[in-house]
$ cat my_file.cif   # mmCIF, N, CA, C and O atoms
data_upload
#
loop_
_atom_site.label_atom_id
_atom_site.label_comp_id
_atom_site.auth_asym_id
_atom_site.auth_seq_id
_atom_site.Cartn_x
_atom_site.Cartn_y
_atom_site.Cartn_z
N MET A 1134 107.98 99.49 132.75
CA MET A 1134 106.80 98.70 133.03
C MET A 1134 106.13 98.38 131.69
O MET A 1134 105.89 99.27 130.89
N ASN A 1135 105.84 97.11 131.47
CA ASN A 1135 105.15 96.73 130.25
C ASN A 1135 103.65 96.56 130.53
O ASN A 1135 103.20 96.76 131.66
N LYS A 1136 102.90 96.17 129.52
CA LYS A 1136 101.45 96.08 129.67
C LYS A 1136 101.04 95.06 130.72
O LYS A 1136 100.13 95.31 131.53
N THR A 1137 101.69 93.91 130.77
CA THR A 1137 101.36 92.89 131.75
C THR A 1137 101.60 93.39 133.17
O THR A 1137 100.78 93.17 134.07
N GLU A 1138 102.72 94.06 133.38
CA GLU A 1138 103.02 94.61 134.70
C GLU A 1138 102.01 95.69 135.08
O GLU A 1138 101.62 95.80 136.25
N LEU A 1139 101.59 96.48 134.11
CA LEU A 1139 100.58 97.51 134.36
C LEU A 1139 99.25 96.88 134.74
O LEU A 1139 98.58 97.33 135.68
N ILE A 1140 98.85 95.84 134.05
CA ILE A 1140 97.62 95.12 134.38
C ILE A 1140 97.69 94.57 135.79
O ILE A 1140 96.73 94.69 136.57
N ASN A 1141 98.81 93.99 136.17
CA ASN A 1141 98.99 93.46 137.52
C ASN A 1141 98.88 94.57 138.57
O ASN A 1141 98.26 94.39 139.62
N ALA A 1142 99.48 95.73 138.28
CA ALA A 1142 99.41 96.86 139.22
C ALA A 1142 97.99 97.38 139.35
O ALA A 1142 97.54 97.70 140.46
N ILE A 1143 97.27 97.47 138.23
CA ILE A 1143 95.87 97.92 138.27
C ILE A 1143 95.03 96.96 139.09
O ILE A 1143 94.23 97.37 139.93
N ALA A 1144 95.21 95.67 138.86
CA ALA A 1144 94.45 94.66 139.59
C ALA A 1144 94.73 94.73 141.09
O ALA A 1144 93.81 94.66 141.91
N GLU A 1145 95.98 94.92 141.44
CA GLU A 1145 96.37 94.97 142.84
C GLU A 1145 95.81 96.21 143.54
O GLU A 1145 95.27 96.13 144.64
N LYS A 1146 95.90 97.37 142.88
CA LYS A 1146 95.47 98.62 143.51
C LYS A 1146 93.95 98.78 143.53
O LYS A 1146 93.41 99.45 144.41
N SER A 1147 93.25 98.18 142.56
CA SER A 1147 91.81 98.38 142.48
C SER A 1147 90.99 97.24 143.06
O SER A 1147 89.79 97.39 143.25
N GLY A 1148 91.62 96.10 143.28
CA GLY A 1148 90.88 94.95 143.78
C GLY A 1148 90.16 94.19 142.68
O GLY A 1148 89.38 93.29 142.95
N LEU A 1149 90.41 94.54 141.43
CA LEU A 1149 89.83 93.83 140.30
C LEU A 1149 90.63 92.56 140.03
O LEU A 1149 91.79 92.45 140.42
N THR A 1150 90.01 91.64 139.30
CA THR A 1150 90.77 90.48 138.83
C THR A 1150 91.66 90.95 137.69
O THR A 1150 91.44 92.01 137.11
N LYS A 1151 92.65 90.15 137.37
CA LYS A 1151 93.55 90.51 136.26
C LYS A 1151 92.79 90.57 134.94
O LYS A 1151 93.07 91.42 134.09
N VAL A 1152 91.80 89.72 134.77
CA VAL A 1152 90.99 89.72 133.54
C VAL A 1152 90.20 91.02 133.44
O VAL A 1152 90.15 91.66 132.38
N ASP A 1153 89.59 91.43 134.56
CA ASP A 1153 88.83 92.69 134.57
C ASP A 1153 89.75 93.90 134.39
O ASP A 1153 89.41 94.85 133.70
N ALA A 1154 90.93 93.86 135.00
CA ALA A 1154 91.89 94.94 134.86
C ALA A 1154 92.35 95.06 133.42
O ALA A 1154 92.48 96.17 132.88
N LYS A 1155 92.58 93.92 132.75
CA LYS A 1155 92.98 93.93 131.33
C LYS A 1155 91.87 94.52 130.48
O LYS A 1155 92.12 95.34 129.59
N SER A 1156 90.63 94.13 130.75
CA SER A 1156 89.49 94.67 130.00
C SER A 1156 89.37 96.17 130.19
O SER A 1156 89.12 96.92 129.24
N ALA A 1157 89.55 96.63 131.43
CA ALA A 1157 89.46 98.06 131.72
C ALA A 1157 90.57 98.84 131.01
O ALA A 1157 90.33 99.89 130.42
N LEU A 1158 91.79 98.31 131.05
CA LEU A 1158 92.91 98.98 130.39
C LEU A 1158 92.71 99.02 128.88
O LEU A 1158 92.90 100.05 128.25
N ASP A 1159 92.31 97.89 128.30
CA ASP A 1159 92.06 97.84 126.85
C ASP A 1159 90.96 98.80 126.44
O ASP A 1159 91.06 99.48 125.41
N ALA A 1160 89.89 98.90 127.24
CA ALA A 1160 88.80 99.82 126.94
C ALA A 1160 89.26 101.27 127.03
O ALA A 1160 88.90 102.10 126.19
N THR A 1161 90.09 101.57 128.03
CA THR A 1161 90.61 102.93 128.19
C THR A 1161 91.50 103.31 127.02
O THR A 1161 91.34 104.39 126.43
N ILE A 1162 92.42 102.44 126.66
CA ILE A 1162 93.32 102.71 125.54
C ILE A 1162 92.52 102.85 124.24
O ILE A 1162 92.79 103.73 123.43
N GLY A 1163 91.53 101.97 124.06
CA GLY A 1163 90.70 102.03 122.87
C GLY A 1163 89.91 103.32 122.78
O GLY A 1163 89.81 103.94 121.71
N ALA A 1164 89.36 103.78 123.90
CA ALA A 1164 88.59 105.03 123.91
C ALA A 1164 89.49 106.23 123.61
O ALA A 1164 89.10 107.13 122.86
N ILE A 1165 90.70 106.25 124.16
CA ILE A 1165 91.64 107.33 123.88
C ILE A 1165 92.03 107.32 122.40
O ILE A 1165 92.03 108.36 121.74
N ALA A 1166 92.33 106.14 121.86
CA ALA A 1166 92.71 106.03 120.45
C ALA A 1166 91.58 106.46 119.53
O ALA A 1166 91.81 107.16 118.53
N ASP A 1167 90.34 106.07 119.86
CA ASP A 1167 89.18 106.46 119.04
C ASP A 1167 88.99 107.97 119.05
O ASP A 1167 88.70 108.58 118.02
N ALA A 1168 89.15 108.59 120.22
CA ALA A 1168 89.00 110.03 120.32
C ALA A 1168 90.08 110.75 119.52
O ALA A 1168 89.79 111.72 118.81
N LEU A 1169 91.31 110.27 119.60
CA LEU A 1169 92.40 110.90 118.85
C LEU A 1169 92.21 110.71 117.35
O LEU A 1169 92.50 111.61 116.56
N ALA A 1170 91.69 109.55 116.93
CA ALA A 1170 91.43 109.31 115.51
C ALA A 1170 90.36 110.26 114.99
O ALA A 1170 90.37 110.62 113.80
N ALA A 1171 89.46 110.71 115.88
CA ALA A 1171 88.42 111.67 115.51
C ALA A 1171 88.89 113.11 115.70
O ALA A 1171 88.09 114.04 115.64
N ASN A 1172 90.19 113.30 115.93
CA ASN A 1172 90.81 114.62 116.11
C ASN A 1172 90.34 115.32 117.39
O ASN A 1172 90.35 116.55 117.45
N ASP A 1173 89.90 114.58 118.39
CA ASP A 1173 89.51 115.15 119.67
C ASP A 1173 90.70 115.15 120.62
O ASP A 1173 91.64 114.39 120.46
N LYS A 1174 90.63 116.03 121.62
CA LYS A 1174 91.61 116.03 122.71
C LYS A 1174 91.09 115.15 123.82
O LYS A 1174 89.88 115.05 124.04
N VAL A 1175 91.99 114.50 124.54
CA VAL A 1175 91.61 113.72 125.71
C VAL A 1175 92.37 114.32 126.89
O VAL A 1175 93.60 114.25 126.95
N ALA A 1176 91.64 114.95 127.82
CA ALA A 1176 92.24 115.59 128.98
C ALA A 1176 91.89 114.80 130.23
O ALA A 1176 90.72 114.64 130.55
N LEU A 1177 92.89 114.29 130.89
CA LEU A 1177 92.72 113.57 132.15
C LEU A 1177 93.30 114.47 133.24
O LEU A 1177 94.51 114.59 133.38
N VAL A 1178 92.42 115.12 133.99
CA VAL A 1178 92.83 116.10 134.99
C VAL A 1178 93.83 115.48 135.96
O VAL A 1178 93.59 114.40 136.51
N GLY A 1179 94.94 116.16 136.14
CA GLY A 1179 95.98 115.69 137.03
C GLY A 1179 96.98 114.75 136.37
O GLY A 1179 98.08 114.59 136.86
N PHE A 1180 96.59 114.14 135.26
CA PHE A 1180 97.50 113.22 134.56
C PHE A 1180 98.12 113.90 133.35
O PHE A 1180 99.33 113.98 133.22
N GLY A 1181 97.27 114.38 132.42
CA GLY A 1181 97.79 115.05 131.25
C GLY A 1181 96.78 115.09 130.12
O GLY A 1181 95.63 114.65 130.27
N THR A 1182 97.22 115.61 128.98
CA THR A 1182 96.35 115.79 127.83
C THR A 1182 96.98 115.15 126.60
O THR A 1182 98.15 115.40 126.29
N PHE A 1183 96.19 114.33 125.91
CA PHE A 1183 96.60 113.75 124.64
C PHE A 1183 95.94 114.58 123.54
O PHE A 1183 94.76 114.93 123.65
N SER A 1184 96.69 114.89 122.49
CA SER A 1184 96.12 115.63 121.36
C SER A 1184 96.82 115.19 120.07
O SER A 1184 97.83 114.49 120.10
N VAL A 1185 96.23 115.62 118.95
CA VAL A 1185 96.79 115.30 117.64
C VAL A 1185 97.41 116.56 117.06
O VAL A 1185 96.79 117.62 117.07
N ALA A 1186 98.64 116.46 116.60
CA ALA A 1186 99.35 117.59 116.00
C ALA A 1186 99.52 117.33 114.51
O ALA A 1186 99.82 116.21 114.10
N GLU A 1187 99.30 118.36 113.72
CA GLU A 1187 99.52 118.28 112.27
C GLU A 1187 100.96 118.69 111.98
O GLU A 1187 101.39 119.76 112.38
N LYS A 1188 101.68 117.83 111.31
CA LYS A 1188 103.04 118.15 110.90
C LYS A 1188 103.02 118.38 109.40
O LYS A 1188 102.60 117.51 108.64
N SER A 1189 103.45 119.54 108.96
CA SER A 1189 103.41 119.87 107.54
C SER A 1189 104.54 119.17 106.78
O SER A 1189 105.52 118.72 107.36
N ALA A 1190 104.36 119.10 105.47
CA ALA A 1190 105.38 118.51 104.61
C ALA A 1190 106.63 119.38 104.65
O ALA A 1190 106.55 120.60 104.81
N ARG A 1191 107.78 118.74 104.54
CA ARG A 1191 109.03 119.49 104.57
C ARG A 1191 110.11 118.75 103.78
O ARG A 1191 109.96 117.58 103.46
N THR A 1192 111.18 119.44 103.54
CA THR A 1192 112.32 118.86 102.84
C THR A 1192 113.33 118.41 103.88
O THR A 1192 113.62 119.12 104.83
N GLY A 1193 113.84 117.19 103.69
CA GLY A 1193 114.84 116.65 104.61
C GLY A 1193 116.03 116.14 103.84
O GLY A 1193 116.08 116.22 102.60
N ILE A 1194 117.00 115.63 104.56
CA ILE A 1194 118.22 115.09 103.94
C ILE A 1194 118.42 113.67 104.44
O ILE A 1194 118.39 113.41 105.64
N ASN A 1195 118.61 112.74 103.50
CA ASN A 1195 118.95 111.35 103.85
C ASN A 1195 120.37 111.36 104.38
O ASN A 1195 121.31 111.70 103.66
N PRO A 1196 120.58 111.02 105.66
CA PRO A 1196 121.93 111.13 106.23
C PRO A 1196 122.94 110.17 105.60
O PRO A 1196 124.14 110.43 105.60
N ARG A 1197 122.47 109.08 105.04
CA ARG A 1197 123.38 108.10 104.44
C ARG A 1197 123.90 108.59 103.09
O ARG A 1197 125.09 108.49 102.80
N THR A 1198 122.98 109.11 102.26
CA THR A 1198 123.37 109.49 100.89
C THR A 1198 123.50 110.99 100.71
O THR A 1198 123.93 111.45 99.65
N LYS A 1199 123.12 111.78 101.72
CA LYS A 1199 123.12 113.24 101.66
C LYS A 1199 122.18 113.76 100.57
O LYS A 1199 122.27 114.91 100.16
N GLU A 1200 121.28 112.91 100.12
CA GLU A 1200 120.32 113.27 99.08
C GLU A 1200 119.13 114.00 99.71
O GLU A 1200 118.68 113.66 100.80
N THR A 1201 118.61 115.00 99.03
CA THR A 1201 117.43 115.73 99.50
C THR A 1201 116.19 114.89 99.25
O THR A 1201 116.03 114.34 98.16
N ILE A 1202 115.34 114.78 100.27
CA ILE A 1202 114.10 114.02 100.14
C ILE A 1202 112.93 114.87 100.61
O ILE A 1202 113.11 115.81 101.40
N GLU A 1203 111.76 114.56 100.13
CA GLU A 1203 110.54 115.25 100.55
C GLU A 1203 109.85 114.39 101.61
O GLU A 1203 109.52 113.24 101.37
N ILE A 1204 109.63 114.97 102.79
CA ILE A 1204 108.96 114.28 103.88
C ILE A 1204 107.49 114.70 103.84
O ILE A 1204 107.19 115.89 103.92
N PRO A 1205 106.56 113.75 103.69
CA PRO A 1205 105.15 114.11 103.55
C PRO A 1205 104.53 114.62 104.85
O PRO A 1205 105.03 114.36 105.95
N ALA A 1206 103.42 115.34 104.72
CA ALA A 1206 102.67 115.81 105.89
C ALA A 1206 102.10 114.61 106.62
O ALA A 1206 101.82 113.57 106.02
N ARG A 1207 101.93 114.74 107.94
CA ARG A 1207 101.38 113.64 108.71
C ARG A 1207 100.81 114.18 110.02
O ARG A 1207 101.00 115.34 110.37
N LYS A 1208 100.13 113.31 110.73
CA LYS A 1208 99.61 113.63 112.04
C LYS A 1208 100.41 112.84 113.07
O LYS A 1208 100.84 111.73 112.80
N SER A 1209 100.59 113.43 114.24
CA SER A 1209 101.27 112.71 115.31
C SER A 1209 100.56 112.98 116.63
O SER A 1209 99.88 113.98 116.79
N VAL A 1210 100.73 112.07 117.57
CA VAL A 1210 100.10 112.20 118.88
C VAL A 1210 101.04 112.95 119.81
O VAL A 1210 102.24 112.67 119.86
N LYS A 1211 100.48 113.93 120.53
CA LYS A 1211 101.25 114.69 121.51
C LYS A 1211 100.68 114.39 122.90
O LYS A 1211 99.49 114.13 123.04
N PHE A 1212 101.54 114.41 123.89
CA PHE A 1212 101.11 114.25 125.28
C PHE A 1212 101.75 115.35 126.10
O PHE A 1212 102.97 115.56 126.03
N LYS A 1213 100.94 116.07 126.85
CA LYS A 1213 101.45 117.09 127.76
C LYS A 1213 101.08 116.67 129.17
O LYS A 1213 99.90 116.55 129.50
N ALA A 1214 102.08 116.42 129.98
CA ALA A 1214 101.85 115.94 131.35
C ALA A 1214 101.19 117.03 132.19
O ALA A 1214 101.50 118.21 132.05
N GLY A 1215 100.29 116.61 133.06
CA GLY A 1215 99.62 117.52 133.98
C GLY A 1215 100.50 117.86 135.16
O GLY A 1215 101.51 117.20 135.43
N SER A 1216 100.11 118.88 135.91
CA SER A 1216 100.94 119.35 137.02
C SER A 1216 101.07 118.31 138.13
O SER A 1216 102.16 118.16 138.71
N GLU A 1217 100.00 117.57 138.42
CA GLU A 1217 100.10 116.54 139.47
C GLU A 1217 101.06 115.43 139.08
O GLU A 1217 101.83 114.94 139.91
N LEU A 1218 101.05 115.03 137.81
CA LEU A 1218 101.97 114.00 137.34
C LEU A 1218 103.40 114.51 137.41
O LEU A 1218 104.31 113.79 137.87
N ASN A 1219 103.62 115.75 136.99
CA ASN A 1219 104.96 116.33 137.07
C ASN A 1219 105.47 116.37 138.50
O ASN A 1219 106.64 116.10 138.75
N GLU A 1220 104.61 116.70 139.44
CA GLU A 1220 105.02 116.76 140.85
C GLU A 1220 105.39 115.39 141.39
O GLU A 1220 106.34 115.26 142.16
N ARG A 1221 104.65 114.35 140.99
CA ARG A 1221 104.96 112.99 141.48
C ARG A 1221 106.27 112.47 140.92
O ARG A 1221 106.97 111.70 141.56
N VAL A 1222 106.61 112.89 139.71
CA VAL A 1222 107.83 112.41 139.06
C VAL A 1222 109.07 113.09 139.65
O VAL A 1222 110.13 112.49 139.71
N LYS A 1223 108.93 114.31 140.13
CA LYS A 1223 110.10 115.06 140.66
C LYS A 1223 110.74 114.34 141.81
O LYS A 1223 110.33 113.75 142.64
#

$ encode --input "my_file.cif" --output "structure tokens"
Amino acid sequence: MNKTELINAIAEKSGLTKVDAKSALDATIGAIADALAANDKVALVGFGTFSVAEKSARTGINPRTKETIEIPARKSVKFKAGSELNERVK
């Protein structure tokens, strides 16, 4: 499902117009992204939890040249599915 299909599904299930559904989805995604940028967790009960994980610097190997390279530290987004979501997927 892509973003357009998701907007259509939201509009159909909620009774909103597609324009309102797009605005709601964009606002939700923006709020989650802003919270993660501020290093906050976003917990949606029954759906799951978004969080930021710190990945430390490490040494890696370039598979093409077999040369050792240094991989810098970075942050990444983690998602842990909630129990209700896991049950629906089974």

$ atom_distance --input "my_file.cif" --atom1 "CA of Val1210 in chain A" --atom2 "atom C of Val1185 in chain A"
5.4 Å

$ closest_residue --input "my_file.cif" --among "A:Thr1198, A:Asn1141, A:Asn1172, A:Ser1189" --to "Ala1154 in chain A" --atoms "all atoms listed in the file"
A:Asn1141

$ closest_residue --input "my_file.cif" --among "A:Glu1187, A:Pro1196, A:Gly1179, A:Ala1168" --to "Glu1217 in chain A" --atoms "all atoms listed in the file"
A:Gly1179

$ atom_distance --input "my_file.cif" --atom1 "atom O of Lys1155 in chain A" --atom2 "atom O of Lys1136 in chain A"
8.2 Å

$ atom_distance --input "my_file.cif" --atom1 "CA of Ala1214 in chain A" --atom2 "atom N of Thr1150 in chain A"
28.2 Å

$ resolve_selection --input "my_file.cif" --expression "the PyMOL selection byres (((chain A and resi 1183 and name CA) around 9) and name CA)" --output "compact mmCIF listing (two decimals) with N, CA, C and O atoms, keeping the file's coordinate frame"
# COMPACT_ATOMS: atom_id res chain seq x y z
N ILE A 1165 90.70 106.25 124.16
CA ILE A 1165 91.64 107.33 123.88
C ILE A 1165 92.03 107.32 122.40
O ILE A 1165 92.03 108.36 121.74
N LEU A 1169 91.31 110.27 119.60
CA LEU A 1169 92.40 110.90 118.85
C LEU A 1169 92.21 110.71 117.35
O LEU A 1169 92.50 111.61 116.56
N ASP A 1173 89.90 114.58 118.39
CA ASP A 1173 89.51 115.15 119.67
C ASP A 1173 90.70 115.15 120.62
O ASP A 1173 91.64 114.39 120.46
N LYS A 1174 90.63 116.03 121.62
CA LYS A 1174 91.61 116.03 122.71
C LYS A 1174 91.09 115.15 123.82
O LYS A 1174 89.88 115.05 124.04
N VAL A 1175 91.99 114.50 124.54
CA VAL A 1175 91.61 113.72 125.71
C VAL A 1175 92.37 114.32 126.89
O VAL A 1175 93.60 114.25 126.95
N ALA A 1176 91.64 114.95 127.82
CA ALA A 1176 92.24 115.59 128.98
C ALA A 1176 91.89 114.80 130.23
O ALA A 1176 90.72 114.64 130.55
N LEU A 1177 92.89 114.29 130.89
CA LEU A 1177 92.72 113.57 132.15
C LEU A 1177 93.30 114.47 133.24
O LEU A 1177 94.51 114.59 133.38
N GLY A 1181 97.27 114.38 132.42
CA GLY A 1181 97.79 115.05 131.25
C GLY A 1181 96.78 115.09 130.12
O GLY A 1181 95.63 114.65 130.27
N THR A 1182 97.22 115.61 128.98
CA THR A 1182 96.35 115.79 127.83
C THR A 1182 96.98 115.15 126.60
O THR A 1182 98.15 115.40 126.29
N SER A 1184 96.69 114.89 122.49
CA SER A 1184 96.12 115.63 121.36
C SER A 1184 96.82 115.19 120.07
O SER A 1184 97.83 114.49 120.10
N VAL A 1185 96.23 115.62 118.95
CA VAL A 1185 96.79 115.30 117.64
C VAL A 1185 97.41 116.56 117.06
O VAL A 1185 96.79 117.62 117.07
N VAL A 1210 100.73 112.07 117.57
CA VAL A 1210 100.10 112.20 118.88
C VAL A 1210 101.04 112.95 119.81
O VAL A 1210 102.24 112.67 119.86
N LYS A 1211 100.48 113.93 120.53
CA LYS A 1211 101.25 114.69 121.51
C LYS A 1211 100.68 114.39 122.90
O LYS A 1211 99.49 114.13 123.04
N PHE A 1212 101.54 114.41 123.89
CA PHE A 1212 101.11 114.25 125.28
C PHE A 1212 101.75 115.35 126.10
O PHE A 1212 102.97 115.56 126.03
N LYS A 1213 100.94 116.07 126.85
CA LYS A 1213 101.45 117.09 127.76
C LYS A 1213 101.08 116.67 129.17
O LYS A 1213 99.90 116.55 129.50
N ALA A 1214 102.08 116.42 129.98
CA ALA A 1214 101.85 115.94 131.35
C ALA A 1214 101.19 117.03 132.19
O ALA A 1214 101.50 118.21 132.05

$ closest_residue --input "my_file.cif" --among "A:Ala1142, A:Val1178, A:Ala1157, A:Ile1162" --to "Gly1215 in chain A" --atoms "all atoms listed in the file"
A:Val1178

$ closest_residue --input "my_file.cif" --among "A:Phe1180, A:Lys1199, A:Ala1166, A:Lys1188" --to "Ser1216 in chain A" --atoms "only C-alpha atoms"
A:Phe1180

$ select_by_dssp --input "my_file.cif" --residues "chain A" --states "helix (DSSP H, G or I)" --output "PyMOL selection string"
chain A and resi 1136-1147+1151-1170+1216-1222

$ select_by_dssp --input "my_file.cif" --residues "chain A" --states "strand (DSSP E or B)" --output "tab-separated table (two decimals) with N, CA, C and O atoms, in the frame of the given file"
chain	number	residue	atom	x	y	z
A	1175	VAL	N	91.99	114.50	124.54
A	1175	VAL	CA	91.61	113.72	125.71
A	1175	VAL	C	92.37	114.32	126.89
A	1175	VAL	O	93.60	114.25	126.95
A	1176	ALA	N	91.64	114.95	127.82
A	1176	ALA	CA	92.24	115.59	128.98
A	1176	ALA	C	91.89	114.80	130.23
A	1176	ALA	O	90.72	114.64	130.55
A	1177	LEU	N	92.89	114.29	130.89
A	1177	LEU	CA	92.72	113.57	132.15
A	1177	LEU	C	93.30	114.47	133.24
A	1177	LEU	O	94.51	114.59	133.38
A	1181	GLY	N	97.27	114.38	132.42
A	1181	GLY	CA	97.79	115.05	131.25
A	1181	GLY	C	96.78	115.09	130.12
A	1181	GLY	O	95.63	114.65	130.27
A	1182	THR	N	97.22	115.61	128.98
A	1182	THR	CA	96.35	115.79	127.83
A	1182	THR	C	96.98	115.15	126.60
A	1182	THR	O	98.15	115.40	126.29
A	1183	PHE	N	96.19	114.33	125.91
A	1183	PHE	CA	96.60	113.75	124.64
A	1183	PHE	C	95.94	114.58	123.54
A	1183	PHE	O	94.76	114.93	123.65
A	1184	SER	N	96.69	114.89	122.49
A	1184	SER	CA	96.12	115.63	121.36
A	1184	SER	C	96.82	115.19	120.07
A	1184	SER	O	97.83	114.49	120.10
A	1185	VAL	N	96.23	115.62	118.95
A	1185	VAL	CA	96.79	115.30	117.64
A	1185	VAL	C	97.41	116.56	117.06
A	1185	VAL	O	96.79	117.62	117.07
A	1186	ALA	N	98.64	116.46	116.60
A	1186	ALA	CA	99.35	117.59	116.00
A	1186	ALA	C	99.52	117.33	114.51
A	1186	ALA	O	99.82	116.21	114.10
A	1187	GLU	N	99.30	118.36	113.72
A	1187	GLU	CA	99.52	118.28	112.27
A	1187	GLU	C	100.96	118.69	111.98
A	1187	GLU	O	101.39	119.76	112.38
A	1188	LYS	N	101.68	117.83	111.31
A	1188	LYS	CA	103.04	118.15	110.90
A	1188	LYS	C	103.02	118.38	109.40
A	1188	LYS	O	102.60	117.51	108.64
A	1191	ARG	N	107.78	118.74	104.54
A	1191	ARG	CA	109.03	119.49	104.57
A	1191	ARG	C	110.11	118.75	103.78
A	1191	ARG	O	109.96	117.58	103.46
A	1192	THR	N	111.18	119.44	103.54
A	1192	THR	CA	112.32	118.86	102.84
A	1192	THR	C	113.33	118.41	103.88
A	1192	THR	O	113.62	119.12	104.83
A	1193	GLY	N	113.84	117.19	103.69
A	1193	GLY	CA	114.84	116.65	104.61
A	1193	GLY	C	116.03	116.14	103.84
A	1193	GLY	O	116.08	116.22	102.60
A	1194	ILE	N	117.00	115.63	104.56
A	1194	ILE	CA	118.22	115.09	103.94
A	1194	ILE	C	118.42	113.67	104.44
A	1194	ILE	O	118.39	113.41	105.64
A	1201	THR	N	118.61	115.00	99.03
A	1201	THR	CA	117.43	115.73	99.50
A	1201	THR	C	116.19	114.89	99.25
A	1201	THR	O	116.03	114.34	98.16
A	1202	ILE	N	115.34	114.78	100.27
A	1202	ILE	CA	114.10	114.02	100.14
A	1202	ILE	C	112.93	114.87	100.61
A	1202	ILE	O	113.11	115.81	101.40
A	1203	GLU	N	111.76	114.56	100.13
A	1203	GLU	CA	110.54	115.25	100.55
A	1203	GLU	C	109.85	114.39	101.61
A	1203	GLU	O	109.52	113.24	101.37
A	1204	ILE	N	109.63	114.97	102.79
A	1204	ILE	CA	108.96	114.28	103.88
A	1204	ILE	C	107.49	114.70	103.84
A	1204	ILE	O	107.19	115.89	103.92
A	1207	ARG	N	101.93	114.74	107.94
A	1207	ARG	CA	101.38	113.64	108.71
A	1207	ARG	C	100.81	114.18	110.02
A	1207	ARG	O	101.00	115.34	110.37
A	1208	LYS	N	100.13	113.31	110.73
A	1208	LYS	CA	99.61	113.63	112.04
A	1208	LYS	C	100.41	112.84	113.07
A	1208	LYS	O	100.84	111.73	112.80
A	1209	SER	N	100.59	113.43	114.24
A	1209	SER	CA	101.27	112.71	115.31
A	1209	SER	C	100.56	112.98	116.63
A	1209	SER	O	99.88	113.98	116.79
A	1210	VAL	N	100.73	112.07	117.57
A	1210	VAL	CA	100.10	112.20	118.88
A	1210	VAL	C	101.04	112.95	119.81
A	1210	VAL	O	102.24	112.67	119.86
A	1211	LYS	N	100.48	113.93	120.53
A	1211	LYS	CA	101.25	114.69	121.51
A	1211	LYS	C	100.68	114.39	122.90
A	1211	LYS	O	99.49	114.13	123.04
A	1212	PHE	N	101.54	114.41	123.89
A	1212	PHE	CA	101.11	114.25	125.28
A	1212	PHE	C	101.75	115.35	126.10
A	1212	PHE	O	102.97	115.56	126.03
A	1213	LYS	N	100.94	116.07	126.85
A	1213	LYS	CA	101.45	117.09	127.76
A	1213	LYS	C	101.08	116.67	129.17
A	1213	LYS	O	99.90	116.55	129.50
A	1214	ALA	N	102.08	116.42	129.98
A	1214	ALA	CA	101.85	115.94	131.35
A	1214	ALA	C	101.19	117.03	132.19
A	1214	ALA	O	101.50	118.21	132.05

$ closest_residue --input "my_file.cif" --among "A:Met1134, A:Ala1186, A:Thr1161, A:Ser1147" --to "Lys1208 in chain A" --atoms "all atoms listed in the file"
A:Ala1186

$ residues_around --input "my_file.cif" --residues "Glu1203 in chain A" --least-positions-apart "5" --cutoff "8 Å" --atoms "all atoms listed in the file" --output "tab-separated table (two decimals) with N, CA, C and O atoms, in the coordinates of the input"
chain	number	residue	atom	x	y	z
A	1190	ALA	N	104.36	119.10	105.47
A	1190	ALA	CA	105.38	118.51	104.61
A	1190	ALA	C	106.63	119.38	104.65
A	1190	ALA	O	106.55	120.60	104.81
A	1191	ARG	N	107.78	118.74	104.54
A	1191	ARG	CA	109.03	119.49	104.57
A	1191	ARG	C	110.11	118.75	103.78
A	1191	ARG	O	109.96	117.58	103.46
A	1192	THR	N	111.18	119.44	103.54
A	1192	THR	CA	112.32	118.86	102.84
A	1192	THR	C	113.33	118.41	103.88
A	1192	THR	O	113.62	119.12	104.83
A	1193	GLY	N	113.84	117.19	103.69
A	1193	GLY	CA	114.84	116.65	104.61
A	1193	GLY	C	116.03	116.14	103.84
A	1193	GLY	O	116.08	116.22	102.60
A	1194	ILE	N	117.00	115.63	104.56
A	1194	ILE	CA	118.22	115.09	103.94
A	1194	ILE	C	118.42	113.67	104.44
A	1194	ILE	O	118.39	113.41	105.64
A	1195	ASN	N	118.61	112.74	103.50
A	1195	ASN	CA	118.95	111.35	103.85
A	1195	ASN	C	120.37	111.36	104.38
A	1195	ASN	O	121.31	111.70	103.66
